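Chemist: Sharing a structure below in C-alpha cells format, with a few things to ask.
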Amino acid sequence: MSIHPHFTLVGIEPGIVITFQFGAVDFRENIPLEILEKLYNDGFPYLKLTKQGQKAMNPTTQPLNPSTTQPINPSTPTPNKKTHARKSK
C-alpha cells in the first residue's frame, strides 16, 4: 500500500506501529518524509522504496555496465605505497 510517493508499506496493514525511534506511528495518517526516510535507513522492515523513491534517494547512482567493468584478479600484486628513499651515509 502506497503511503507516500517514495514509499510503500509491505507486510502489514496500515495502522499504529510501535517503533524504536519514534514510538507509536500511525500509518493511516500522513507521515513526514523525514520520519519515513529515517525509518527506512535504520532498517524498518515494513517500508519499501518505490521507483520514484529510488530516484530521489539515489539520484547519481547508475547501474554498472558489465561490458565496461574490469574483473578483479586476486593474483595481481598490489603496488607498495611506501616510496621513501633511503638516505646515503
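Numbering starts fresh at 1 for the residues of each chain in the C-alpha cells, the chains themselves are lettered A, B, ... in the order given, and ligands are numbered from 1 as they appear.
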Using only C-alpha atoms, which residues sit within 10 Å of Ile3 (chain A) once same-chain residues fewer than 3 positions away are excluded, as a ChimeraX atom specification?

Modeler: /A:6-9,14,27-31,36,47

Chemist: I need the chosen residues saved as a compact mmCIF listing (two decimals), in the first residue's frame, with N, CA and C atoms.

Modeler:
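Output file out25.txt is given in full below:
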```txt
# COMPACT_ATOMS: atom_id res chain seq x y z
N HIS A 6 7.27 8.12 -2.31
CA HIS A 6 8.58 7.47 -2.27
C HIS A 6 8.56 6.11 -1.57
N PHE A 7 7.50 5.80 -0.81
CA PHE A 7 7.48 4.58 0.00
C PHE A 7 6.15 3.86 -0.10
N THR A 8 6.24 2.52 -0.01
CA THR A 8 5.05 1.70 0.14
C THR A 8 5.18 0.91 1.44
N LEU A 9 4.06 0.54 1.98
CA LEU A 9 4.01 -0.25 3.21
C LEU A 9 3.82 -1.71 2.80
N PRO A 14 -2.08 -0.85 7.19
CA PRO A 14 -1.89 0.47 7.79
C PRO A 14 -2.55 0.54 9.16
N PHE A 27 0.30 4.64 10.56
CA PHE A 27 0.49 4.63 9.12
C PHE A 27 -0.80 4.88 8.35
N ARG A 28 -1.90 5.15 9.05
CA ARG A 28 -3.13 5.57 8.37
C ARG A 28 -3.13 7.06 8.12
N GLU A 29 -2.21 7.78 8.77
CA GLU A 29 -2.12 9.24 8.64
C GLU A 29 -0.93 9.61 7.75
N ASN A 30 -0.85 10.89 7.37
CA ASN A 30 0.29 11.37 6.61
C ASN A 30 1.50 11.46 7.53
N ILE A 31 2.56 10.79 7.16
CA ILE A 31 3.79 10.78 7.95
C ILE A 31 4.82 11.62 7.19
N LEU A 36 9.86 8.88 7.53
CA LEU A 36 9.88 7.69 6.68
C LEU A 36 11.31 7.36 6.23
N LEU A 47 8.85 -0.91 5.20
CA LEU A 47 8.88 0.14 4.19
C LEU A 47 9.70 -0.32 3.00
```

Chemist: Counting only C-alpha atoms, what is within 10 Å of Pro5 (chain A), bar same-chain residues fewer than 2 positions away, as a list of chain:residue names?

Modeler: A:Ser2, A:Ile3, A:Phe7, A:Thr8, A:Leu33, A:Leu49, A:Thr50, A:Lys51, A:Gln52, A:Gly53

Chemist: How about saving the chosen residues, N, CA and C atoms kept, as a compact mmCIF listing (two decimals), in the first residue's frame?

Modeler:
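Just written: again_31.txt:
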```txt
# COMPACT_ATOMS: atom_id res chain seq x y z
N SER A 2 0.62 2.16 -0.90
CA SER A 2 1.41 3.38 -1.01
C SER A 2 1.02 4.34 0.11
N ILE A 3 1.99 4.74 0.89
CA ILE A 3 1.73 5.70 1.96
C ILE A 3 2.38 7.04 1.67
N PHE A 7 7.50 5.80 -0.81
CA PHE A 7 7.48 4.58 0.00
C PHE A 7 6.15 3.86 -0.10
N THR A 8 6.24 2.52 -0.01
CA THR A 8 5.05 1.70 0.14
C THR A 8 5.18 0.91 1.44
N LEU A 33 8.08 12.96 5.41
CA LEU A 33 9.09 12.25 4.65
C LEU A 33 10.35 12.01 5.47
N LEU A 49 11.02 1.15 -0.95
CA LEU A 49 11.11 2.29 -1.84
C LEU A 49 10.33 2.04 -3.13
N THR A 50 9.66 3.06 -3.62
CA THR A 50 9.03 3.00 -4.93
C THR A 50 10.08 3.38 -5.96
N LYS A 51 9.76 3.28 -7.23
CA LYS A 51 10.68 3.72 -8.29
C LYS A 51 11.02 5.19 -8.13
N GLN A 52 10.02 5.99 -7.81
CA GLN A 52 10.24 7.42 -7.60
C GLN A 52 11.13 7.65 -6.38
N GLY A 53 10.94 6.85 -5.35
CA GLY A 53 11.78 6.96 -4.16
C GLY A 53 13.21 6.56 -4.42
```

Chemist: What does the structure give for the distance between CA of Gly11 (chain A) and CA of Met57 (chain A), in Å to one decimal?

Modeler: 22.0 Å

Chemist: In Å to one decimal, how far is CA of His4 (chain A) from CA of Pro32 (chain A)?

Modeler: 9.0 Å

Chemist: Quote the spacing between CA of Ile16 (chain A) and CA of Tyr40 (chain A) in Å to one decimal place.

Modeler: 16.6 Å

Chemist: Report as a list of chain:residue names: the residues of region 6-52 of chain A with a DSSP assignment of strand (DSSP E), based on the backbone of this structure.

Modeler: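 The strand (DSSP E) subset of region 6-52 of chain A is A:Phe7, A:Thr8, A:Leu9, A:Ile16, A:Val17, A:Ile18, A:Thr19, A:Gly23, A:Ala24, A:Val25, A:Asp26, A:Leu47, A:Lys48, A:Leu49.
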
Chemist: How would the residues just picked look written out with C-alpha atoms as a tab-separated table (two decimals), in the first residue's frame?

Modeler:
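Dumped to part_12.tsv:
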```tsv
chain	number	residue	atom	x	y	z
A	7	PHE	CA	7.48	4.58	0.00
A	8	THR	CA	5.05	1.70	0.14
A	9	LEU	CA	4.01	-0.25	3.21
A	16	ILE	CA	-0.37	2.02	14.60
A	17	VAL	CA	3.12	0.51	14.79
A	18	ILE	CA	5.45	0.96	17.75
A	19	THR	CA	8.92	1.96	16.53
A	23	GLY	CA	7.33	5.42	19.42
A	24	ALA	CA	3.80	4.92	18.09
A	25	VAL	CA	3.48	5.80	14.39
A	26	ASP	CA	0.05	5.65	12.76
A	47	LEU	CA	8.88	0.14	4.19
A	48	LYS	CA	9.88	-0.35	0.58
A	49	LEU	CA	11.11	2.29	-1.84
```
